[in-house]
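J.: Following this message is one structure expressed as structure tokens.
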Amino acid sequence: MKVLIFGASGRVGMALSAAAQANGYELLAPAHAECDLEQPAAVGEYVLRHDTAQLVVNCAAISQVESCQDDPLRAHVVNAMSPAAMALACRHTGARFIHLSTDYVLDGRRPGLKSADARCKPVNIYGMSKAEAESQVSESNAEALILRVSWVCGNPEKPSFVEHMLAQALRGEKLLAAADQDSLPTHAQDIARVILSPRLNGVSGVLQVTSCGEPMSRYSGAKIALEHACALGALQQMPHVESQLVCTMSRFRAPRPAHTAMDNSALLALGIPMPSASACVCRAVEDYMRWLRR
Ligand SMILES: NC(=O)c1ccc[n+]([C@@H]2O[C@H](COP(=O)([O-])OP(=O)(O)OC[C@H]3O[C@@H](n4cnc5c(N)ncnc54)[C@H](OP(=O)(O)O)[C@@H]3O)[C@@H](O)[C@H]2O)c1
């Protein structure tokens with residue numbers, strides 16, 4: 001079976017490419033320069049030209065919140081218009097289309113786990129472009145599947161807050177983590193496993209893909225990661241982590257939604273297990289330590 005992956009050089013795309021190859025898929029993974037999502041018509045034509053792919057997965061996006069805030073038009077074209085073009089082209093070729101979305105489509109005003117039908121009311125341009133993608137993809141292709149993921153970790157080559165925190169601790173630097181923003185981490189390899197699961201056959205619409213448990217702040221996640229690094233012997237002693245408020249983080253120019261943890265019960269009901277949030281963080285720590293020793 002042939003799979004066409006957009007964004008194969010990204011955090012999730014790398015994990016998906018590796019998993020697809022390990023599972024015997026034939027892989028088609030155009031590089032950014034070969035198929036630029038700033039050109040939606042060319043992206044649609046690319047999918048039409050490669051109509052032997054039975055599965056098309058879009059892992060490509062401008063995923064940096066500040067980059068989207070700085071260039072809203074580009075964010076809209078790359079994050080929404082090109083995915084819509086992929087979805088439409090897949091309707092013509094008959095390929096299954098899976099698109100990745102984000103917990104940042106939610107406004108995150110209220111604490112607690114959010115259901116997939118909670119109203120999307122993004123607070124920044126990134127979230128708006130991704131929410132627009134969700135509607136355009138569904139309108140263009142009713143059989144498309146949209147996987148909302150959150151706080152992706154577990155790819156040492158594309159560090160998330162878990163790997164950043166660990167790297168800073170190993171260098172003996174001052175550690176700061178936001179305590180007033182919570183969600184649930186998702187391991188890149190778990191996302192890849194979900195995408196390739198036959199249990200998703202025939203499933204369309206929005207499905208939330210995260211680890212299990214109660215919402216976790218970056219501060220709590222950082223402490224779990226560092227405690228695990230201590231237990232593994234990678235750190236001699238537990239370093240101090242200072243809690244921070246998101247509004248004091250000067251590198252964040254765009255607003256962040258505060259509480260975006262998603263309910264993954266629909267995923268579990270399909271018979272696809274997910275780890276607990278702390279197991280997810282600990283696995284990312286182990287992956288990072290193994291990567292450092294390579
Ligand atoms: N990271 C997270 O914590 C997180 C959380 C929630 C949802 N998500 C969603 O999950 C998906 C994957 O995220 P990620 O973290 O893997 O992203 P990432 O590491 O930033 O990778 C993005 C990918 O998109 C490609 N890309 C960007 N602009 C492009 C363009 N104009 N044309 C072609 N390719 C382009 C990049 O290629 P180059 O590197 O070559 O430019 C890269 O392969 C995205 O839909 C994101 O919104 C991510």
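By order in the structure tokens, chains are A, B, ...; within a chain, residues start at 1; ligands start at 1, following the order shown.
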Need the shell around A:Met262: protein/DNA/RNA residues with any atom at most 12 Å away, counting only C-alpha atoms. Skip same-chain ones fewer than 2 positions apart. Format as a ChimeraX atom specification?
T.: /A:102-106,108,110-118,147-151,182-186,206-216,259-260,264-267,277
J.: Could you report the residues within 8 Å of ligand 1, using only C-alpha atoms and all ligand atoms, as a VMD selection string?
T.: chain A and resid 6 to 14 31 to 39 58 to 64 78 to 79 99 to 104 130 148 to 153 158 160 188
J.: Report the residues of stretch 85-292 of chain A whose backbone DSSP state falls under strand (DSSP E), written as an MDAnalysis selection string.
T.: chainID A and resid 96:102 145:149 152:153 175:178 182:183 186:187 205:209 216:217 241:244
J.: Next, write the just-selected residues to a file, as an mmCIF file, in the first residue's frame, keeping C-alpha atoms as the atom set.
T.:
```cif
data_model
loop_
_atom_site.group_PDB
_atom_site.id
_atom_site.type_symbol
_atom_site.label_atom_id
_atom_site.label_comp_id
_atom_site.auth_asym_id
_atom_site.auth_seq_id
_atom_site.Cartn_x
_atom_site.Cartn_y
_atom_site.Cartn_z
ATOM 1 C CA ARG A 96 -8.219 8.025 2.268
ATOM 2 C CA PHE A 97 -7.315 11.489 3.634
ATOM 3 C CA ILE A 98 -6.116 12.060 7.197
ATOM 4 C CA HIS A 99 -5.354 15.592 8.366
ATOM 5 C CA LEU A 100 -3.759 16.669 11.645
ATOM 6 C CA SER A 101 -5.295 19.394 13.748
ATOM 7 C CA THR A 102 -4.703 20.824 17.197
ATOM 8 C CA LEU A 145 -10.543 12.069 9.080
ATOM 9 C CA ILE A 146 -9.207 14.933 11.199
ATOM 10 C CA LEU A 147 -7.021 13.945 14.137
ATOM 11 C CA ARG A 148 -6.698 16.644 16.791
ATOM 12 C CA VAL A 149 -3.460 16.187 18.699
ATOM 13 C CA VAL A 152 3.426 16.564 20.664
ATOM 14 C CA CYS A 153 6.586 15.172 22.270
ATOM 15 C CA LEU A 175 14.368 26.068 34.660
ATOM 16 C CA LEU A 176 11.094 27.883 34.124
ATOM 17 C CA ALA A 177 7.774 26.305 33.142
ATOM 18 C CA ALA A 178 4.269 27.672 32.768
ATOM 19 C CA ASP A 182 -2.676 22.819 30.707
ATOM 20 C CA SER A 183 -3.379 20.150 28.122
ATOM 21 C CA THR A 186 0.885 13.132 22.877
ATOM 22 C CA HIS A 187 3.868 11.032 21.828
ATOM 23 C CA GLY A 205 -14.904 13.732 11.127
ATOM 24 C CA VAL A 206 -12.902 14.882 14.144
ATOM 25 C CA LEU A 207 -11.187 12.408 16.485
ATOM 26 C CA GLN A 208 -9.147 13.599 19.485
ATOM 27 C CA VAL A 209 -5.805 11.849 19.934
ATOM 28 C CA MET A 216 -1.307 18.536 32.957
ATOM 29 C CA SER A 217 0.441 21.903 33.128
ATOM 30 C CA VAL A 241 11.736 24.309 38.464
ATOM 31 C CA GLU A 242 10.322 27.791 38.838
ATOM 32 C CA SER A 243 6.671 28.132 37.888
ATOM 33 C CA GLN A 244 5.816 30.909 35.486
#
```
J.: One number please: atom CA of A:Ala75 to atom CA of A:Tyr126, in Å, one decimal.
T.: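 Going from atom CA of A:Ala75 over to atom CA of A:Tyr126 covers 6.9 Å.
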J.: Would you return as a ChimeraX atom specification the members of stretch 64-287 of chain A that DSSP assigns to helix (DSSP H, G or I) on this structure's backbone?
T.: /A:65-70,72-93,103-105,125-140,161-170,188-195,198-200,218-231,246-248,265-269,277-287
J.: Write the residues of the selection above to a file with C-alpha atoms, as an mmCIF file, in the first residue's frame.
T.:
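Full text of again.cif as output:
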```cif
data_model
loop_
_atom_site.group_PDB
_atom_site.id
_atom_site.type_symbol
_atom_site.label_atom_id
_atom_site.label_comp_id
_atom_site.auth_asym_id
_atom_site.auth_seq_id
_atom_site.Cartn_x
_atom_site.Cartn_y
_atom_site.Cartn_z
ATOM 1 C CA VAL A 65 2.207 30.080 16.838
ATOM 2 C CA GLU A 66 4.271 33.279 16.466
ATOM 3 C CA SER A 67 5.014 32.656 12.761
ATOM 4 C CA CYS A 68 1.269 32.410 12.114
ATOM 5 C CA GLN A 69 0.593 35.569 14.113
ATOM 6 C CA ASP A 70 3.217 37.434 12.054
ATOM 7 C CA PRO A 72 -1.886 35.467 8.920
ATOM 8 C CA LEU A 73 -2.369 35.169 5.156
ATOM 9 C CA ARG A 74 0.441 32.659 4.789
ATOM 10 C CA ALA A 75 -0.909 30.736 7.798
ATOM 11 C CA HIS A 76 -4.340 30.591 6.177
ATOM 12 C CA VAL A 77 -2.970 29.396 2.821
ATOM 13 C CA VAL A 78 -0.612 26.742 4.257
ATOM 14 C CA ASN A 79 -2.691 25.564 7.201
ATOM 15 C CA ALA A 80 -6.195 25.717 5.701
ATOM 16 C CA MET A 81 -6.292 26.169 1.920
ATOM 17 C CA SER A 82 -3.736 23.503 1.026
ATOM 18 C CA PRO A 83 -5.289 20.851 3.308
ATOM 19 C CA ALA A 84 -8.647 21.641 1.669
ATOM 20 C CA ALA A 85 -7.043 21.144 -1.760
ATOM 21 C CA MET A 86 -5.616 17.788 -0.593
ATOM 22 C CA ALA A 87 -9.027 16.725 0.739
ATOM 23 C CA LEU A 88 -10.755 17.627 -2.523
ATOM 24 C CA ALA A 89 -8.129 15.883 -4.648
ATOM 25 C CA CYS A 90 -8.456 12.745 -2.490
ATOM 26 C CA ARG A 91 -12.189 12.752 -3.173
ATOM 27 C CA HIS A 92 -11.307 12.479 -6.856
ATOM 28 C CA THR A 93 -8.559 9.848 -6.522
ATOM 29 C CA ASP A 103 -6.164 21.485 20.633
ATOM 30 C CA TYR A 104 -5.464 25.184 19.867
ATOM 31 C CA VAL A 105 -8.743 25.291 17.885
ATOM 32 C CA ILE A 125 -4.089 33.078 14.238
ATOM 33 C CA TYR A 126 -2.556 29.583 14.360
ATOM 34 C CA GLY A 127 -5.717 28.209 16.002
ATOM 35 C CA MET A 128 -7.922 30.131 13.561
ATOM 36 C CA SER A 129 -6.099 28.738 10.551
ATOM 37 C CA LYS A 130 -6.354 25.195 11.942
ATOM 38 C CA ALA A 131 -10.062 25.605 12.782
ATOM 39 C CA GLU A 132 -10.659 26.888 9.251
ATOM 40 C CA ALA A 133 -8.819 23.793 7.956
ATOM 41 C CA GLU A 134 -11.111 21.509 9.956
ATOM 42 C CA SER A 135 -14.217 23.023 8.331
ATOM 43 C CA GLN A 136 -12.765 23.237 4.829
ATOM 44 C CA VAL A 137 -11.398 19.677 4.903
ATOM 45 C CA SER A 138 -14.754 18.285 6.094
ATOM 46 C CA GLU A 139 -16.662 20.310 3.495
ATOM 47 C CA SER A 140 -14.333 19.208 0.698
ATOM 48 C CA PHE A 161 8.882 21.347 26.037
ATOM 49 C CA VAL A 162 9.797 17.926 27.544
ATOM 50 C CA GLU A 163 13.062 17.630 25.613
ATOM 51 C CA HIS A 164 13.857 21.361 26.019
ATOM 52 C CA MET A 165 13.431 21.108 29.787
ATOM 53 C CA LEU A 166 15.629 18.037 29.963
ATOM 54 C CA ALA A 167 18.333 19.593 27.772
ATOM 55 C CA GLN A 168 18.359 22.733 29.937
ATOM 56 C CA ALA A 169 18.538 20.647 33.135
ATOM 57 C CA LEU A 170 21.446 18.624 31.744
ATOM 58 C CA ALA A 188 4.689 11.368 18.104
ATOM 59 C CA GLN A 189 4.980 7.573 17.799
ATOM 60 C CA ASP A 190 1.516 7.132 19.323
ATOM 61 C CA ILE A 191 0.108 9.504 16.700
ATOM 62 C CA ALA A 192 1.819 7.451 13.972
ATOM 63 C CA ARG A 193 0.394 4.228 15.455
ATOM 64 C CA VAL A 194 -3.111 5.732 15.508
ATOM 65 C CA ILE A 195 -2.852 6.976 11.894
ATOM 66 C CA PRO A 198 -6.928 -0.402 10.754
ATOM 67 C CA ARG A 199 -9.429 0.409 13.507
ATOM 68 C CA LEU A 200 -9.804 3.873 11.967
ATOM 69 C CA ARG A 218 3.837 22.353 31.502
ATOM 70 C CA TYR A 219 5.155 22.868 35.041
ATOM 71 C CA SER A 220 3.820 19.440 36.191
ATOM 72 C CA GLY A 221 4.989 17.832 32.944
ATOM 73 C CA ALA A 222 8.469 19.273 33.446
ATOM 74 C CA LYS A 223 8.635 17.907 36.999
ATOM 75 C CA ILE A 224 7.538 14.432 35.868
ATOM 76 C CA ALA A 225 10.186 14.505 33.111
ATOM 77 C CA LEU A 226 12.968 15.599 35.470
ATOM 78 C CA GLU A 227 12.002 13.119 38.205
ATOM 79 C CA HIS A 228 12.133 10.355 35.615
ATOM 80 C CA ALA A 229 15.517 11.584 34.385
ATOM 81 C CA CYS A 230 16.723 11.384 38.022
ATOM 82 C CA ALA A 231 15.324 7.851 38.395
ATOM 83 C CA VAL A 246 2.232 32.496 30.371
ATOM 84 C CA CYS A 247 1.595 36.268 30.302
ATOM 85 C CA THR A 248 5.149 36.876 31.595
ATOM 86 C CA SER A 265 -12.725 8.471 24.948
ATOM 87 C CA ALA A 266 -13.927 8.120 21.318
ATOM 88 C CA LEU A 267 -10.434 6.931 20.364
ATOM 89 C CA LEU A 268 -10.314 4.443 23.251
ATOM 90 C CA ALA A 269 -13.808 3.198 22.309
ATOM 91 C CA ALA A 277 0.068 11.437 30.328
ATOM 92 C CA SER A 278 2.920 10.678 32.725
ATOM 93 C CA ALA A 279 3.866 7.463 30.866
ATOM 94 C CA CYS A 280 3.928 9.523 27.660
ATOM 95 C CA VAL A 281 6.301 12.101 29.194
ATOM 96 C CA CYS A 282 8.545 9.383 30.709
ATOM 97 C CA ARG A 283 8.804 7.622 27.359
ATOM 98 C CA ALA A 284 9.808 10.895 25.694
ATOM 99 C CA VAL A 285 12.550 11.273 28.350
ATOM 100 C CA GLU A 286 13.818 7.738 27.647
ATOM 101 C CA ASP A 287 13.775 8.386 23.884
#
```
J.: Name all residues at most 8 Å from A:Gln54 (count only C-alpha atoms; drop same-chain ones fewer than 4 positions away) and give them as a PyMOL selection string.
T.: chain A and resi 1-3+94-96
J.: Please measure the separation of atom CA of A:Pro239 and atom CA of A:Gln181, giving the value in Å to one decimal.
T.: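 Taking atom CA of A:Pro239 and atom CA of A:Gln181, their separation equals 21.2 Å.
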